[in-house]
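File shown here: data27.cif, holding mmCIF, C-alpha atoms and all ligand atoms.
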```cif
data_protein
loop_
_atom_site.label_atom_id
_atom_site.label_comp_id
_atom_site.auth_asym_id
_atom_site.auth_seq_id
_atom_site.Cartn_x
_atom_site.Cartn_y
_atom_site.Cartn_z
CA MET A 1 0.00 0.00 0.00
CA LYS A 2 1.04 3.58 -0.63
CA THR A 3 -0.32 6.84 0.67
CA MET A 4 -1.05 10.03 -1.23
CA THR A 5 -2.66 13.10 0.31
CA CYS A 6 -5.47 15.25 -0.97
CA ARG A 7 -2.86 17.99 -1.47
CA GLN A 8 -0.56 15.76 -3.56
CA LEU A 9 -3.56 15.05 -5.78
CA GLY A 10 -4.33 18.73 -6.33
CA GLY A 11 -6.65 19.31 -3.37
CA PRO A 12 -6.44 21.73 -0.45
CA CYS A 13 -6.09 19.48 2.63
CA ASP A 14 -3.82 16.79 4.04
CA LEU A 15 -6.26 13.89 4.19
CA ALA A 16 -4.35 10.71 3.31
CA HIS A 17 -5.62 8.16 0.79
CA GLN A 18 -4.19 4.65 0.74
CA GLY A 19 -4.18 2.35 -2.24
CA GLU A 20 -2.39 -0.40 -4.13
CA THR A 21 -2.42 1.58 -7.39
CA ALA A 22 -2.53 5.19 -8.53
CA ASP A 23 -6.09 4.59 -9.73
CA ASP A 24 -7.10 3.59 -6.19
CA VAL A 25 -5.93 6.87 -4.70
CA ILE A 26 -7.30 8.92 -7.62
CA ASN A 27 -10.72 7.31 -7.11
CA ALA A 28 -10.49 7.86 -3.36
CA GLN A 29 -9.65 11.50 -3.99
CA ASP A 30 -12.61 11.82 -6.37
CA ARG A 31 -14.94 10.47 -3.67
CA HIS A 32 -13.36 12.71 -1.03
CA LEU A 33 -13.79 15.82 -3.21
CA LYS A 34 -17.44 14.98 -3.89
CA GLU A 35 -18.14 14.42 -0.20
CA ALA A 36 -16.28 17.53 0.95
CA VAL A 37 -18.12 19.76 -1.53
CA LYS A 38 -21.46 18.16 -0.65
CA ALA A 39 -20.71 18.90 3.00
CA GLY A 40 -20.28 22.57 2.11
CA ASP A 41 -16.48 22.74 2.07
CA GLU A 42 -15.76 25.58 -0.35
CA ALA A 43 -11.99 25.02 -0.25
CA HIS A 44 -12.48 21.77 -2.19
CA ILE A 45 -14.65 23.25 -4.97
CA PRO A 46 -11.80 24.17 -7.39
CA ALA A 47 -10.20 20.72 -7.06
CA ARG A 48 -13.63 19.10 -7.55
CA GLU A 49 -14.21 21.15 -10.70
CA ASP A 50 -10.75 20.19 -12.00
CA MET A 51 -11.51 16.52 -11.36
CA LYS A 52 -14.90 16.75 -13.10
CA GLY A 53 -13.19 18.39 -16.06
CA ARG A 54 -10.74 15.49 -16.25
CA TRP A 55 -13.51 12.91 -16.55
CA LYS A 56 -15.02 15.01 -19.35
CA HIS A 57 -11.75 15.55 -21.21
CA PRO A 58 -9.75 12.39 -20.62
CA VAL A 59 -7.38 12.90 -23.54
CA LYS A 60 -6.47 16.44 -22.51
CA SER A 61 -5.99 15.22 -18.96
CA MET A 62 -3.54 12.44 -19.76
CA GLY A 63 -0.64 14.60 -18.58
CA TRP A 64 -2.18 14.90 -15.14
CA TYR A 65 -2.74 11.16 -14.86
CA ARG A 66 0.80 10.50 -16.02
CA ASP A 67 2.14 12.89 -13.38
CA MET A 68 0.01 11.28 -10.64
CA LYS A 69 1.04 7.76 -11.68
CA LYS A 70 4.68 8.78 -11.74
CA ALA A 71 4.39 10.44 -8.32
CA PHE A 72 2.67 7.32 -6.98
CA ALA A 73 5.31 5.02 -8.46
CA GLU A 74 8.05 7.02 -6.77
CA LEU A 75 6.43 6.86 -3.31
CA PRO A 76 7.81 4.41 -0.77
CA GLU A 77 5.58 1.49 0.25
CA ASP A 78 3.77 2.07 3.57
ZN ZN A 101 -9.12 17.33 0.90
#
```
Represent the structure contained in this file as structure tokens.
Amino acid sequence: MKTMTCRQLGGPCDLAHQGETADDVINAQDRHLKEAVKAGDEAHIPAREDMKGRWKHPVKSMGWYRDMKKAFAELPED
């Protein structure tokens, strides 16, 4: 397992997500952003909008995924 924080994934807080793959932590971050915004946390709105934009424009967002996968690959195992 590896850990990536909300901040490392483009968000505003230090909540840690654990996963076996980069996709795991990206999905966890997506859920976290949705929940935070639903709970009225305005600090997470820009990151939520960015994430929504990525699902809509997957080709344009490949660079971001590549960066996240690279960052994840370079993390030490927990
Ligand atoms: Zn957060």
Near-A:Tyr65 list (12 Å; only C-alpha atoms; drop same-chain fewer than 5 positions) as a ChimeraX atom specification:
/A:9-10,22-23,25-27,51,54-55,57-60,70-73
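Excluding A:Gly11 itself and any same-chain residue fewer than 5 positions from it, the protein and nucleic acid residues within 7 Å of it, counting all atoms listed in the file, are Cys6, His44 and Ala47 of chain A.
Residues of protein, DNA or RNA having any atom at most 7 Å from ligand ZN 101 (chain A), counting only C-alpha atoms and all ligand atoms, are Cys6, Arg7, Gly11, Pro12, Cys13, Asp14, Leu15, His32, Leu33 and His44 of chain A.
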Output of the above residues as a CSV table (one decimal), in the frame of the given file, restricted to C-alpha atoms:
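Writing done, so here's result_4.csv:
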```csv
chain,number,residue,atom,x,y,z
A,6,CYS,CA,-5.5,15.2,-1.0
A,7,ARG,CA,-2.9,18.0,-1.5
A,11,GLY,CA,-6.6,19.3,-3.4
A,12,PRO,CA,-6.4,21.7,-0.4
A,13,CYS,CA,-6.1,19.5,2.6
A,14,ASP,CA,-3.8,16.8,4.0
A,15,LEU,CA,-6.3,13.9,4.2
A,32,HIS,CA,-13.4,12.7,-1.0
A,33,LEU,CA,-13.8,15.8,-3.2
A,44,HIS,CA,-12.5,21.8,-2.2
```
Spatial neighbours of A:Thr3, 7 Å, only C-alpha atoms, chain gap at least 5 places, as a short mmCIF file (atom, residue, chain, number, x, y, z; two decimals) with C-alpha atoms, in the coordinates of the input:
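Written file, around.cif:
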```cif
data_model
loop_
_atom_site.label_atom_id
_atom_site.label_comp_id
_atom_site.auth_asym_id
_atom_site.auth_seq_id
_atom_site.Cartn_x
_atom_site.Cartn_y
_atom_site.Cartn_z
CA ALA A 16 -4.35 10.71 3.31
CA HIS A 17 -5.62 8.16 0.79
CA GLN A 18 -4.19 4.65 0.74
CA GLY A 19 -4.18 2.35 -2.24
CA ASP A 78 3.77 2.07 3.57
#
```
In Å and to one decimal, atom CA of A:Trp64 is distant from atom CA of A:Ala43 by 20.5 Å
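Counting from atom CA of A:Glu77, the distance to atom CA of A:Glu20 is 9.3 Å.
When atom CA of A:Thr21 is paired with atom CA of A:Pro76, their separation reads 12.5 Å.
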From the options A:Ser61, A:Met68, A:Lys56, A:Met4, which residue's atoms come nearest to A:Ala28, counting all atoms listed in the file?
A:Met4
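Of the residues under consideration (A:Gly53, A:Gln29, A:Met62, A:Ala36), A:Gln29 shows the shortest atom-to-atom contact distance to A:Gln8 when counting all atoms listed in the file.
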Return stretch 45-67 of chain A, completed with N, CA and C atoms, as a PDB file, keeping the file's coordinate frame.
```pdb
ATOM      1  N   ILE A  45     -13.907  23.068  -3.720  1.00  0.00           N
ATOM      2  CA  ILE A  45     -14.650  23.250  -4.970  1.00  0.00           C
ATOM      3  C   ILE A  45     -13.735  23.314  -6.204  1.00  0.00           C
ATOM      4  N   PRO A  46     -12.654  24.115  -6.172  1.00  0.00           N
ATOM      5  CA  PRO A  46     -11.800  24.170  -7.390  1.00  0.00           C
ATOM      6  C   PRO A  46     -11.228  22.808  -7.763  1.00  0.00           C
ATOM      7  N   ALA A  47     -10.767  22.041  -6.776  1.00  0.00           N
ATOM      8  CA  ALA A  47     -10.200  20.720  -7.060  1.00  0.00           C
ATOM      9  C   ALA A  47     -11.282  19.786  -7.608  1.00  0.00           C
ATOM     10  N   ARG A  48     -12.498  19.917  -7.072  1.00  0.00           N
ATOM     11  CA  ARG A  48     -13.630  19.100  -7.550  1.00  0.00           C
ATOM     12  C   ARG A  48     -13.948  19.434  -9.010  1.00  0.00           C
ATOM     13  N   GLU A  49     -13.933  20.730  -9.328  1.00  0.00           N
ATOM     14  CA  GLU A  49     -14.210  21.150 -10.700  1.00  0.00           C
ATOM     15  C   GLU A  49     -13.115  20.642 -11.645  1.00  0.00           C
ATOM     16  N   ASP A  50     -11.861  20.707 -11.183  1.00  0.00           N
ATOM     17  CA  ASP A  50     -10.750  20.190 -12.000  1.00  0.00           C
ATOM     18  C   ASP A  50     -10.956  18.704 -12.270  1.00  0.00           C
ATOM     19  N   MET A  51     -11.340  17.959 -11.226  1.00  0.00           N
ATOM     20  CA  MET A  51     -11.510  16.520 -11.360  1.00  0.00           C
ATOM     21  C   MET A  51     -12.667  16.217 -12.321  1.00  0.00           C
ATOM     22  N   LYS A  52     -13.767  16.947 -12.188  1.00  0.00           N
ATOM     23  CA  LYS A  52     -14.900  16.750 -13.100  1.00  0.00           C
ATOM     24  C   LYS A  52     -14.468  17.011 -14.534  1.00  0.00           C
ATOM     25  N   GLY A  53     -13.670  18.056 -14.721  1.00  0.00           N
ATOM     26  CA  GLY A  53     -13.190  18.390 -16.060  1.00  0.00           C
ATOM     27  C   GLY A  53     -12.342  17.274 -16.643  1.00  0.00           C
ATOM     28  N   ARG A  54     -11.588  16.591 -15.760  1.00  0.00           N
ATOM     29  CA  ARG A  54     -10.740  15.490 -16.250  1.00  0.00           C
ATOM     30  C   ARG A  54     -11.571  14.328 -16.755  1.00  0.00           C
ATOM     31  N   TRP A  55     -12.676  14.019 -16.066  1.00  0.00           N
ATOM     32  CA  TRP A  55     -13.510  12.910 -16.550  1.00  0.00           C
ATOM     33  C   TRP A  55     -14.118  13.283 -17.906  1.00  0.00           C
ATOM     34  N   LYS A  56     -14.406  14.571 -18.083  1.00  0.00           N
ATOM     35  CA  LYS A  56     -15.020  15.010 -19.350  1.00  0.00           C
ATOM     36  C   LYS A  56     -14.023  15.075 -20.487  1.00  0.00           C
ATOM     37  N   HIS A  57     -12.771  15.379 -20.157  1.00  0.00           N
ATOM     38  CA  HIS A  57     -11.750  15.550 -21.210  1.00  0.00           C
ATOM     39  C   HIS A  57     -10.568  14.644 -20.932  1.00  0.00           C
ATOM     40  N   PRO A  58     -10.809  13.333 -21.024  1.00  0.00           N
ATOM     41  CA  PRO A  58      -9.750  12.390 -20.620  1.00  0.00           C
ATOM     42  C   PRO A  58      -8.469  12.514 -21.439  1.00  0.00           C
ATOM     43  N   VAL A  59      -8.591  12.823 -22.720  1.00  0.00           N
ATOM     44  CA  VAL A  59      -7.380  12.900 -23.540  1.00  0.00           C
ATOM     45  C   VAL A  59      -6.527  14.083 -23.119  1.00  0.00           C
ATOM     46  N   LYS A  60      -7.193  15.231 -22.929  1.00  0.00           N
ATOM     47  CA  LYS A  60      -6.470  16.440 -22.510  1.00  0.00           C
ATOM     48  C   LYS A  60      -5.870  16.280 -21.128  1.00  0.00           C
ATOM     49  N   SER A  61      -6.420  15.367 -20.344  1.00  0.00           N
ATOM     50  CA  SER A  61      -5.990  15.220 -18.960  1.00  0.00           C
ATOM     51  C   SER A  61      -4.941  14.142 -18.773  1.00  0.00           C
ATOM     52  N   MET A  62      -4.510  13.533 -19.873  1.00  0.00           N
ATOM     53  CA  MET A  62      -3.540  12.440 -19.760  1.00  0.00           C
ATOM     54  C   MET A  62      -2.279  12.872 -19.028  1.00  0.00           C
ATOM     55  N   GLY A  63      -1.851  14.116 -19.241  1.00  0.00           N
ATOM     56  CA  GLY A  63      -0.640  14.600 -18.580  1.00  0.00           C
ATOM     57  C   GLY A  63      -0.766  14.536 -17.071  1.00  0.00           C
ATOM     58  N   TRP A  64      -1.953  14.916 -16.581  1.00  0.00           N
ATOM     59  CA  TRP A  64      -2.180  14.900 -15.140  1.00  0.00           C
ATOM     60  C   TRP A  64      -2.114  13.470 -14.598  1.00  0.00           C
ATOM     61  N   TYR A  65      -2.768  12.560 -15.304  1.00  0.00           N
ATOM     62  CA  TYR A  65      -2.740  11.160 -14.860  1.00  0.00           C
ATOM     63  C   TYR A  65      -1.322  10.609 -14.863  1.00  0.00           C
ATOM     64  N   ARG A  66      -0.587  10.960 -15.935  1.00  0.00           N
ATOM     65  CA  ARG A  66       0.800  10.500 -16.020  1.00  0.00           C
ATOM     66  C   ARG A  66       1.601  11.011 -14.826  1.00  0.00           C
ATOM     67  N   ASP A  67       1.418  12.308 -14.514  1.00  0.00           N
ATOM     68  CA  ASP A  67       2.140  12.890 -13.380  1.00  0.00           C
ATOM     69  C   ASP A  67       1.760  12.193 -12.071  1.00  0.00           C
TER      70      ASP A  67
END
```
